[in-house]
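Pasting data.cif here (mmCIF, C-alpha atoms):
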```cif
data_work
loop_
_atom_site.label_atom_id
_atom_site.label_comp_id
_atom_site.auth_asym_id
_atom_site.auth_seq_id
_atom_site.Cartn_x
_atom_site.Cartn_y
_atom_site.Cartn_z
CA MET A 1 -5.54 -0.23 36.75
CA ARG A 2 -4.22 1.69 33.74
CA VAL A 3 -3.62 -1.57 31.87
CA GLN A 4 -7.17 -2.71 32.60
CA ARG A 5 -8.62 0.59 31.35
CA ALA A 6 -6.49 0.47 28.21
CA LEU A 7 -7.61 -3.07 27.44
CA LEU A 8 -11.22 -2.13 28.07
CA LEU A 9 -10.91 0.84 25.70
CA ILE A 10 -9.48 -1.36 22.96
CA THR A 11 -12.32 -3.81 23.41
CA LEU A 12 -14.94 -1.06 23.24
CA LEU A 13 -13.55 0.03 19.90
CA LEU A 14 -14.07 -3.40 18.34
CA PRO A 15 -17.75 -2.89 17.41
CA ALA A 16 -16.67 -0.45 14.71
CA LEU A 17 -15.39 -3.46 12.81
CA ALA A 18 -18.92 -4.75 12.45
CA PHE A 19 -19.53 -2.15 9.77
CA ALA A 20 -16.45 -3.04 7.75
CA HIS A 21 -16.70 -4.58 4.30
CA LYS A 22 -14.34 -6.20 1.83
CA ALA A 23 -11.45 -4.02 0.73
CA SER A 24 -12.12 -1.97 -2.40
CA ASP A 25 -10.88 -3.65 -5.59
CA SER A 26 -11.63 -3.31 -9.27
CA TYR A 27 -10.90 -5.92 -11.97
CA LEU A 28 -9.40 -4.85 -15.29
CA THR A 29 -8.93 -7.41 -18.09
CA LEU A 30 -7.19 -6.35 -21.31
CA GLN A 31 -6.39 -8.35 -24.46
CA ALA A 32 -3.82 -7.68 -27.18
CA HIS A 33 -2.90 -9.75 -30.25
CA SER A 34 0.32 -9.97 -32.22
CA ASP A 35 -1.51 -9.43 -35.52
CA SER A 36 -3.54 -6.37 -34.52
CA HIS A 37 -3.15 -2.77 -33.41
CA ARG A 38 -6.30 -3.02 -31.35
CA ILE A 39 -6.70 -3.67 -27.66
CA SER A 40 -9.92 -4.64 -25.90
CA GLY A 41 -11.22 -5.76 -22.54
CA GLN A 42 -13.49 -4.98 -19.65
CA TRP A 43 -13.29 -3.12 -16.36
CA ASP A 44 -15.41 -4.32 -13.41
CA ILE A 45 -15.93 -1.57 -10.79
CA ALA A 46 -18.06 -1.90 -7.67
CA LEU A 47 -21.22 0.21 -7.72
CA ARG A 48 -20.37 1.46 -4.23
CA ASP A 49 -17.03 2.76 -5.53
CA LEU A 50 -18.69 4.49 -8.47
CA GLU A 51 -21.09 6.11 -6.02
CA ILE A 52 -18.14 7.43 -4.03
CA ALA A 53 -16.21 8.61 -7.07
CA VAL A 54 -18.96 10.09 -9.24
CA GLY A 55 -22.39 9.55 -7.70
CA VAL A 56 -24.89 7.10 -9.18
CA ASP A 57 -27.80 7.05 -6.72
CA VAL A 58 -29.74 9.86 -8.38
CA ASN A 59 -32.74 9.86 -6.03
CA GLN A 60 -30.60 9.23 -2.93
CA ASP A 61 -32.70 6.30 -1.75
CA GLY A 62 -29.70 4.12 -0.91
CA ALA A 63 -30.28 1.71 -3.81
CA ILE A 64 -28.63 1.96 -7.24
CA THR A 65 -30.93 0.85 -10.07
CA TRP A 66 -30.15 -0.07 -13.67
CA GLY A 67 -31.99 3.05 -14.79
CA GLU A 68 -29.79 5.27 -12.61
CA LEU A 69 -26.67 3.54 -13.88
CA LYS A 70 -27.67 4.14 -17.51
CA GLN A 71 -28.59 7.75 -16.73
CA ARG A 72 -25.17 8.41 -15.19
CA ARG A 73 -23.25 6.39 -17.80
CA PRO A 74 -21.70 9.36 -19.69
CA ALA A 75 -20.35 10.88 -16.48
CA LEU A 76 -19.14 7.51 -15.24
CA VAL A 77 -17.34 6.67 -18.49
CA GLN A 78 -15.68 10.07 -18.63
CA HIS A 79 -14.47 9.74 -15.05
CA VAL A 80 -13.17 6.16 -15.11
CA LEU A 81 -11.42 6.45 -18.48
CA SER A 82 -9.67 9.61 -17.31
CA ARG A 83 -8.19 7.52 -14.48
CA LEU A 84 -6.64 4.87 -16.75
CA THR A 85 -3.87 5.25 -19.33
CA VAL A 86 -2.79 2.29 -21.44
CA THR A 87 0.37 2.77 -23.52
CA ALA A 88 1.44 0.28 -26.17
CA GLU A 89 5.14 -0.35 -26.74
CA HIS A 90 6.73 -1.87 -29.83
CA GLY A 91 10.51 -1.79 -29.80
CA THR A 92 11.41 1.83 -29.12
CA LEU A 93 7.98 3.08 -30.17
CA GLN A 94 5.37 4.09 -27.62
CA GLN A 95 1.76 5.01 -28.34
CA VAL A 96 -1.11 5.76 -25.97
CA CYS A 97 -4.14 3.58 -26.71
CA PRO A 98 -7.29 5.75 -26.58
CA LEU A 99 -9.85 3.47 -24.97
CA LYS A 100 -13.55 3.88 -25.67
CA ASP A 101 -16.57 2.53 -23.84
CA THR A 102 -18.37 -0.06 -25.98
CA GLY A 103 -20.91 -1.47 -23.54
CA LEU A 104 -22.24 -1.53 -20.00
CA GLN A 105 -23.50 -4.45 -17.92
CA VAL A 106 -23.92 -5.35 -14.27
CA ASP A 107 -22.35 -8.42 -12.69
CA ASN A 108 -22.21 -9.79 -9.16
CA HIS A 109 -18.91 -10.43 -7.39
CA VAL A 110 -18.42 -11.89 -3.93
CA ASP A 111 -18.88 -8.48 -2.33
CA GLY A 112 -21.81 -7.11 -4.31
CA ALA A 113 -22.83 -5.63 -7.65
CA TYR A 114 -20.28 -4.30 -10.13
CA ALA A 115 -20.65 -2.21 -13.26
CA VAL A 116 -18.86 -3.88 -16.19
CA PHE A 117 -17.52 -1.43 -18.78
CA THR A 118 -16.41 -3.11 -22.02
CA LEU A 119 -13.53 -1.25 -23.64
CA ALA A 120 -11.76 -1.13 -27.01
CA GLY A 121 -9.17 1.06 -28.69
CA ASP A 122 -6.68 1.32 -31.55
CA CYS A 123 -3.10 1.75 -30.37
CA GLY A 124 -1.71 2.52 -33.82
CA ILE A 125 1.09 -0.01 -33.29
CA THR A 126 1.16 -3.72 -32.53
CA PRO A 127 1.88 -3.93 -28.79
CA ASP A 128 4.62 -6.29 -27.65
CA ALA A 129 4.42 -4.66 -24.24
CA VAL A 130 1.78 -2.57 -22.46
CA ASN A 131 2.25 0.01 -19.74
CA ILE A 132 -0.74 0.48 -17.45
CA ASP A 133 -1.11 3.67 -15.43
CA TYR A 134 -4.00 3.24 -12.95
CA ARG A 135 -5.37 6.19 -10.93
CA PHE A 136 -8.99 5.31 -10.09
CA LEU A 137 -10.40 6.14 -6.61
CA PHE A 138 -7.05 6.73 -4.89
CA ASN A 139 -8.04 10.29 -3.94
CA HIS A 140 -11.05 8.84 -2.08
CA ASP A 141 -9.66 5.53 -0.83
CA ALA A 142 -5.90 5.08 -0.51
CA GLY A 143 -6.47 1.37 0.18
CA HIS A 144 -8.17 0.76 -3.17
CA GLN A 145 -6.45 -1.63 -5.58
CA GLY A 146 -6.78 -2.42 -9.25
CA LEU A 147 -6.33 -6.09 -10.14
CA VAL A 148 -5.20 -6.42 -13.74
CA ASP A 149 -5.19 -9.42 -16.07
CA MET A 150 -3.21 -8.55 -19.23
CA ARG A 151 -3.53 -11.16 -21.99
CA PHE A 152 -1.18 -11.33 -24.98
CA ASP A 153 -2.52 -13.81 -27.56
CA GLY A 154 -4.45 -15.46 -24.74
CA GLN A 155 -1.49 -15.76 -22.34
CA SER A 156 -2.33 -14.03 -19.06
CA GLN A 157 -0.22 -11.98 -16.70
CA GLY A 158 -1.78 -10.72 -13.49
CA VAL A 159 -0.68 -7.76 -11.40
CA ALA A 160 -2.15 -5.70 -8.59
CA LEU A 161 -1.88 -1.90 -8.70
CA SER A 162 -2.20 0.28 -5.63
CA SER A 163 -1.83 3.90 -4.59
CA ALA A 164 1.87 3.27 -3.91
CA HIS A 165 2.38 1.23 -7.11
CA ARG A 166 0.22 2.79 -9.83
CA THR A 167 2.05 1.75 -12.97
CA GLN A 168 3.24 -1.56 -14.39
CA THR A 169 4.67 -2.65 -17.73
CA LEU A 170 3.79 -6.14 -18.95
CA SER A 171 5.39 -7.69 -22.03
CA ALA A 172 4.23 -10.28 -24.51
CA ASP A 173 7.34 -12.41 -23.94
CA GLY A 174 6.42 -12.79 -20.29
CA ALA A 175 9.39 -10.80 -19.00
CA GLY A 176 7.06 -9.05 -16.63
CA GLY A 177 5.61 -12.32 -15.35
CA PHE A 178 7.48 -12.29 -12.07
CA ALA A 179 5.93 -8.91 -11.38
CA ALA A 180 2.82 -10.95 -10.58
CA LEU A 181 4.69 -12.69 -7.76
CA PHE A 182 5.62 -9.44 -6.06
CA THR A 183 2.46 -7.48 -6.75
CA PHE A 184 0.21 -10.30 -5.56
CA PHE A 185 2.46 -10.72 -2.53
CA ARG A 186 1.56 -7.14 -1.66
CA GLN A 187 -2.08 -7.95 -2.41
CA GLY A 188 -1.96 -10.91 -0.01
CA VAL A 189 -0.49 -8.79 2.79
CA HIS A 190 -3.06 -6.09 2.11
CA HIS A 191 -5.92 -8.59 2.00
CA ILE A 192 -5.14 -10.13 5.38
CA LEU A 193 -4.47 -6.80 7.11
CA VAL A 194 -7.75 -5.27 5.97
CA GLY A 195 -9.71 -8.53 6.26
CA TYR A 196 -11.19 -7.82 9.66
CA ASP A 197 -13.00 -11.15 9.87
CA HIS A 198 -9.77 -13.09 9.23
CA ILE A 199 -7.91 -10.93 11.76
CA LEU A 200 -10.55 -11.42 14.46
CA PHE A 201 -10.61 -15.17 13.90
CA LEU A 202 -6.83 -15.40 14.23
CA LEU A 203 -6.82 -13.19 17.31
CA THR A 204 -9.53 -15.19 19.06
CA LEU A 205 -7.37 -18.28 18.66
CA LEU A 206 -4.32 -16.39 19.94
CA PHE A 207 -6.04 -14.80 22.97
CA PRO A 208 -5.32 -17.78 25.27
CA ALA A 209 -2.04 -18.82 23.65
CA VAL A 210 -0.19 -17.28 26.63
CA LEU A 211 -2.67 -18.71 29.14
CA VAL A 212 -3.65 -22.10 30.51
CA TRP A 213 -7.12 -23.16 31.71
CA ARG A 214 -6.77 -24.25 35.33
CA ALA A 215 -9.06 -24.32 38.38
CA GLY A 216 -12.02 -23.01 36.37
CA GLY A 217 -10.28 -19.95 34.95
CA TRP A 218 -7.53 -18.65 32.70
CA GLN A 219 -4.13 -18.57 34.39
CA PRO A 220 -0.85 -17.22 33.02
CA GLU A 221 1.38 -19.68 31.22
CA ASP A 222 4.76 -19.74 32.96
CA SER A 223 6.71 -21.25 30.08
CA ILE A 224 7.41 -19.11 27.01
CA ARG A 225 8.34 -22.34 25.24
CA VAL A 226 4.86 -23.78 25.75
CA ALA A 227 3.25 -20.49 24.64
CA LEU A 228 5.34 -20.43 21.48
CA ILE A 229 4.55 -24.06 20.68
CA GLU A 230 0.82 -23.31 21.14
CA THR A 231 1.07 -20.31 18.82
CA LEU A 232 3.12 -22.20 16.23
CA GLY A 233 0.66 -25.09 16.23
CA ILE A 234 -2.32 -22.78 15.69
CA VAL A 235 -0.73 -20.74 12.91
CA THR A 236 0.74 -23.78 11.13
CA ALA A 237 -2.58 -25.65 11.18
CA PHE A 238 -4.43 -22.61 9.86
CA THR A 239 -1.79 -22.03 7.16
CA ILE A 240 -1.77 -25.61 5.87
CA THR A 241 -5.51 -25.90 5.38
CA HIS A 242 -6.25 -22.40 4.09
CA SER A 243 -3.40 -22.77 1.57
CA PHE A 244 -4.95 -26.05 0.40
CA THR A 245 -8.45 -24.70 -0.21
CA LEU A 246 -7.06 -21.41 -1.56
CA ALA A 247 -5.34 -23.38 -4.31
CA LEU A 248 -8.36 -25.63 -5.00
CA ALA A 249 -10.79 -22.71 -5.17
CA ALA A 250 -8.51 -20.50 -7.24
CA LEU A 251 -8.01 -23.34 -9.73
CA GLY A 252 -11.76 -23.88 -9.94
CA VAL A 253 -11.75 -27.35 -8.38
CA VAL A 254 -13.99 -26.13 -5.54
CA ASN A 255 -16.65 -23.53 -6.20
CA LEU A 256 -19.09 -22.62 -3.42
CA PRO A 257 -21.54 -19.69 -3.37
CA SER A 258 -19.95 -16.56 -1.95
CA TRP A 259 -22.77 -16.03 0.56
CA LEU A 260 -22.13 -19.50 1.95
CA VAL A 261 -18.37 -18.97 2.30
CA GLU A 262 -18.69 -15.50 3.82
CA SER A 263 -21.41 -16.65 6.22
CA GLY A 264 -19.18 -19.58 7.18
CA ILE A 265 -16.34 -17.16 7.93
CA ALA A 266 -18.61 -15.25 10.32
CA LEU A 267 -19.48 -18.49 12.08
CA THR A 268 -15.82 -19.41 12.49
CA VAL A 269 -15.17 -16.04 14.12
CA ALA A 270 -18.08 -16.55 16.54
CA ILE A 271 -17.07 -20.11 17.42
CA GLY A 272 -13.43 -19.11 17.83
CA ALA A 273 -14.45 -16.39 20.30
CA ALA A 274 -16.86 -18.76 22.09
CA SER A 275 -14.02 -21.21 22.62
CA ASN A 276 -12.38 -18.64 24.89
CA LEU A 277 -15.48 -18.68 27.10
CA MET A 278 -15.91 -22.48 27.00
CA PRO A 279 -12.35 -23.83 26.66
CA THR A 280 -13.22 -27.30 27.95
CA ILE A 281 -15.45 -27.82 24.90
CA PHE A 282 -12.64 -26.85 22.51
CA PRO A 283 -9.47 -28.22 24.14
CA LYS A 284 -7.45 -28.65 20.92
CA ARG A 285 -7.34 -25.20 19.38
CA TRP A 286 -4.98 -26.24 16.60
CA ILE A 287 -7.65 -28.66 15.37
CA MET A 288 -10.15 -25.79 15.27
CA ALA A 289 -7.63 -23.68 13.34
CA MET A 290 -7.09 -26.52 10.87
CA VAL A 291 -10.79 -27.16 10.25
CA PHE A 292 -11.78 -23.52 9.98
CA GLY A 293 -8.74 -22.73 7.83
CA LEU A 294 -10.44 -24.71 5.07
CA ILE A 295 -13.25 -22.15 5.01
CA HIS A 296 -10.96 -19.12 5.17
CA GLY A 297 -8.96 -20.41 2.20
CA LEU A 298 -12.12 -20.33 0.08
CA ALA A 299 -12.60 -16.67 0.99
CA PHE A 300 -8.97 -15.78 0.18
CA ALA A 301 -9.45 -17.31 -3.27
CA SER A 302 -12.26 -14.89 -4.15
CA VAL A 303 -9.76 -12.18 -5.10
CA LEU A 304 -8.02 -14.37 -7.68
CA ALA A 305 -11.28 -15.91 -8.88
CA ASP A 306 -12.79 -12.49 -9.62
CA LEU A 307 -9.74 -11.63 -11.72
CA GLY A 308 -10.39 -14.65 -13.96
CA LEU A 309 -6.91 -16.13 -13.91
CA GLY A 310 -6.62 -19.87 -14.43
CA GLY A 311 -4.30 -22.74 -15.26
CA THR A 312 -0.59 -21.96 -15.53
CA ASP A 313 -1.39 -18.22 -15.56
CA LEU A 314 -2.40 -18.59 -11.93
CA VAL A 315 0.83 -20.10 -10.58
CA LEU A 316 2.82 -16.95 -9.78
CA PRO A 317 -0.17 -14.86 -8.61
CA LEU A 318 -1.32 -17.76 -6.41
CA LEU A 319 2.16 -18.26 -4.92
CA GLY A 320 2.67 -14.55 -4.36
CA PHE A 321 -0.78 -14.05 -2.86
CA ASN A 322 -0.40 -16.99 -0.48
CA LEU A 323 3.05 -15.84 0.66
CA GLY A 324 1.58 -12.39 1.23
CA VAL A 325 -1.23 -13.81 3.35
CA GLU A 326 1.35 -15.67 5.45
CA ALA A 327 3.42 -12.52 5.84
CA GLY A 328 0.31 -10.62 6.94
CA GLN A 329 -0.47 -13.31 9.50
CA ALA A 330 3.11 -13.20 10.74
CA ILE A 331 2.80 -9.46 11.32
CA ILE A 332 -0.31 -9.99 13.43
CA VAL A 333 1.32 -12.78 15.45
CA LEU A 334 4.54 -10.86 16.01
CA VAL A 335 2.63 -7.82 17.27
CA PHE A 336 -0.01 -9.59 19.36
CA VAL A 337 1.73 -12.54 21.02
CA PRO A 338 4.68 -10.69 22.62
CA THR A 339 2.27 -8.03 23.92
CA ALA A 340 -0.09 -10.68 25.30
CA TYR A 341 2.83 -12.53 26.89
CA LEU A 342 3.91 -9.39 28.74
CA LEU A 343 0.34 -8.79 29.96
CA ARG A 344 -0.57 -12.39 30.82
CA TYR A 345 -0.16 -11.88 34.58
CA THR A 346 -2.48 -8.85 34.68
CA ARG A 347 -6.09 -9.24 35.68
CA GLY A 348 -6.97 -6.82 32.89
CA TYR A 349 -5.86 -9.30 30.27
CA ARG A 350 -7.18 -12.49 31.87
CA LYS A 351 -10.38 -11.16 33.50
CA VAL A 352 -11.41 -8.36 31.13
CA PHE A 353 -9.83 -8.51 27.70
CA VAL A 354 -10.16 -12.23 26.97
CA PRO A 355 -13.76 -12.81 28.16
CA PHE A 356 -15.27 -9.43 27.38
CA GLY A 357 -13.37 -9.07 24.11
CA SER A 358 -14.59 -12.51 23.09
CA LEU A 359 -18.22 -11.52 23.80
CA VAL A 360 -17.84 -8.40 21.68
CA ILE A 361 -16.36 -10.42 18.83
CA ILE A 362 -19.26 -12.88 19.02
CA ALA A 363 -21.66 -9.94 18.65
CA ILE A 364 -19.71 -8.60 15.67
CA ALA A 365 -19.68 -12.03 14.03
CA ALA A 366 -23.44 -12.33 14.56
CA VAL A 367 -23.97 -9.03 12.69
CA TRP A 368 -21.75 -10.25 9.86
CA PHE A 369 -23.60 -13.56 9.68
CA VAL A 370 -27.00 -11.91 9.42
CA GLU A 371 -25.76 -9.46 6.77
CA ARG A 372 -24.16 -12.18 4.68
CA ILE A 373 -26.89 -14.78 4.82
CA SER A 374 -29.58 -12.15 4.17
CA VAL A 375 -28.80 -12.33 0.42
CA LEU A 376 -31.01 -15.42 0.35
CA TRP A 377 -34.03 -13.19 0.92
CA TYR A 378 -33.24 -10.65 -1.78
#
```

Starting from the coordinates I provided, produce the structure as structure tokens.
Amino acid sequence: MRVQRALLLITLLLPALAFAHKASDSYLTLQAHSDSHRISGQWDIALRDLEIAVGVDVNQDGAITWGELKQRRPALVQHVLSRLTVTAEHGTLQQVCPLKDTGLQVDNHVDGAYAVFTLAGDCGITPDAVNIDYRFLFNHDAGHQGLVDMRFDGQSQGVALSSAHRTQTLSADGAGGFAALFTFFRQGVHHILVGYDHILFLLTLLFPAVLVWRAGGWQPEDSIRVALIETLGIVTAFTITHSFTLALAALGVVNLPSWLVESGIALTVAIGAASNLMPTIFPKRWIMAMVFGLIHGLAFASVLADLGLGGTDLVLPLLGFNLGVEAGQAIIVLVFVPTAYLLRYTRGYRKVFVPFGSLVIIAIAAVWFVERISVLWY
């Protein structure tokens, strides 16, 4: 009885996920040249994050207008530039580059509107390496990350900065290039663990991995070997296809509207949950994982696409990010499957958690779908 109540409580908490949104990221691009003391670039910050950090919605009507953004520009510039320190290095010399705001625009990313601050500054020395100290929004959102594209004479190096890793030095000779592998590995882990739609989709496929449909209902799977093979097949199929479309989308070969991809993700979550209620219609779950993995890979690529990396500059970030996504998935599998296997004989798991949890997830996915497709009417 206690197990059943615990499972029911967990299921009742799931609706809170319906109000989740994409993890908070900003996108900083900086450029330096071997024949100049100057550094320039742009910093894309979500309007919702600026509202949290400084306050932009002057009339508090829930909508941020261009007029309000221009009105609050001095306060915004002062705040964001105080949270970023760029230091040029040349040999043993170090010099802070005083960045100034040179323009303001608005651009749309996959998760909404962003303010784009164009920046420029004179470092006083020609930078052959740049140290970036990033401190924006961490006091409000510890999960926030700054995705940085540092370009020396057009050659890009990408890193991800977080509350736990706020500084990074990147050099013109590419010595800091492998930092991209490790920082984007962390970004991949972070992205999957806070990507509630990806988590719910994976979990819906894993719900019956320790069960077998027999005599019109879910029954416990007696063989751990069969359960592990089922789980391995699902995860492998999902990994292969989402890695494929992640690479294609990040390289710009495939480019679909963000509303279409995100709406498709919501549908995959709903269908994955529905398959637990109608298992005879979806007998091969690894095939579902493989097909729907194609869509999830397009969503994973949005992080790298927004950063603007491309070509050979994308290799290490792409590899690191994909490995991080796989590590994040492995964490979910290693936590969920052993727990589900231990509970597979309980009525609470088979009769309450799987069916009722699947219904709740369908409802959450429906909310996401409506929210994401509604951009067509605005």

Using all atoms listed in the file, which protein or nucleic acid residues come within 12 Å of Val189 (chain A)? Drop anything in the same chain fewer than 4 positions from it, and give the result as an MDAnalysis selection string.
chainID A and resid 160 182:185 193:195 199 300 320:332

Pick from A:Ala266, A:Ala164, A:Ile192, A:Gln95, whichever lies nearest to Asn131 (chain A) using only C-alpha atoms
A:Gln95

List, as a count of residues only, every residue that the PyMOL selection byres ((chain A and resi 117-129) around 9) selects in the file provided.
46

Given the file above and the PyMOL selection byres ((chain A and resi 366) around 10), which residues are selected, and can you give them as a PyMOL selection string?
chain A and resi 18+263+266-267+269-270+360-365+367-372

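The nearest approach to Gly252 (chain A) among the residues A:Ser163, A:Ser302, A:Ser156, A:Thr339, with all atoms listed in the file taken into account, belongs to A:Ser302.
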
note - CA of Asp149 (chain A) and CA of Ile295 (chain A) are separated by 25.9 Å

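Using all atoms listed in the file, the smallest distance between any of A:Thr268, A:Thr204, A:Thr239, A:Ser374 and Val337 (chain A) comes from A:Thr204.
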
Quick one, how far is CA of Leu298 (chain A) from CA of His144 (chain A)?
21.7 Å

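Between CA of Phe282 (chain A) and CA of Pro208 (chain A) lies a distance of 12.0 Å.
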
Within 8 Å of (-8.5, 0.7, -11.3) (file coordinates; only C-alpha atoms), which protein or nucleic acid residues are there? I'd like them as number ranges by chain.
A: 25-28, 43, 45, 83-84, 134-137, 145-147, 161

Between A:Leu211, A:Leu343, A:Ile287, A:Ala53, which one has atoms that come closest to Thr236 (chain A), using all atoms listed in the file?
A:Ile287

Please determine the residues with any atom at most 7 Å from (-19.7, -4.2, -7.7) (coordinates as given in the file, with all atoms listed in the file counting) and report them as a short mmCIF file (atom, residue, chain, number, x, y, z; two decimals) with C-alpha atoms, in the coordinates of the input.
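Saved file out-v4.cif follows:
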```
data_model
loop_
_atom_site.label_atom_id
_atom_site.label_comp_id
_atom_site.auth_asym_id
_atom_site.auth_seq_id
_atom_site.Cartn_x
_atom_site.Cartn_y
_atom_site.Cartn_z
CA ILE A 45 -15.93 -1.57 -10.79
CA ALA A 46 -18.06 -1.90 -7.67
CA LEU A 47 -21.22 0.21 -7.72
CA ARG A 48 -20.37 1.46 -4.23
CA ASN A 108 -22.21 -9.79 -9.16
CA HIS A 109 -18.91 -10.43 -7.39
CA ASP A 111 -18.88 -8.48 -2.33
CA GLY A 112 -21.81 -7.11 -4.31
CA ALA A 113 -22.83 -5.63 -7.65
CA TYR A 114 -20.28 -4.30 -10.13
CA ALA A 115 -20.65 -2.21 -13.26
#
```

Val212 (chain A) environment, 10 Å, only C-alpha atoms, sequence neighbours closer than 2 positions dropped, as a VMD selection string:
chain A and resid 208 to 210 214 to 215 217 to 222 226 to 227 279

Env of Val254 (chain A): 12 Å cut, atoms = all atoms listed in the file, seq-sep filter 2 positions within chain, self excluded. Answer as number ranges by chain.
A: 244-252, 256-258, 261, 294-295, 297-299, 301-302, 305

Would you write out those residues with C-alpha atoms, as an mmCIF file, in the frame of the given file?
```
data_model
loop_
_atom_site.group_PDB
_atom_site.id
_atom_site.type_symbol
_atom_site.label_atom_id
_atom_site.label_comp_id
_atom_site.auth_asym_id
_atom_site.auth_seq_id
_atom_site.Cartn_x
_atom_site.Cartn_y
_atom_site.Cartn_z
ATOM 1 C CA PHE A 244 -4.950 -26.050 0.400
ATOM 2 C CA THR A 245 -8.450 -24.700 -0.210
ATOM 3 C CA LEU A 246 -7.060 -21.410 -1.560
ATOM 4 C CA ALA A 247 -5.340 -23.380 -4.310
ATOM 5 C CA LEU A 248 -8.360 -25.630 -5.000
ATOM 6 C CA ALA A 249 -10.790 -22.710 -5.170
ATOM 7 C CA ALA A 250 -8.510 -20.500 -7.240
ATOM 8 C CA LEU A 251 -8.010 -23.340 -9.730
ATOM 9 C CA GLY A 252 -11.760 -23.880 -9.940
ATOM 10 C CA LEU A 256 -19.090 -22.620 -3.420
ATOM 11 C CA PRO A 257 -21.540 -19.690 -3.370
ATOM 12 C CA SER A 258 -19.950 -16.560 -1.950
ATOM 13 C CA VAL A 261 -18.370 -18.970 2.300
ATOM 14 C CA LEU A 294 -10.440 -24.710 5.070
ATOM 15 C CA ILE A 295 -13.250 -22.150 5.010
ATOM 16 C CA GLY A 297 -8.960 -20.410 2.200
ATOM 17 C CA LEU A 298 -12.120 -20.330 0.080
ATOM 18 C CA ALA A 299 -12.600 -16.670 0.990
ATOM 19 C CA ALA A 301 -9.450 -17.310 -3.270
ATOM 20 C CA SER A 302 -12.260 -14.890 -4.150
ATOM 21 C CA ALA A 305 -11.280 -15.910 -8.880
#
```
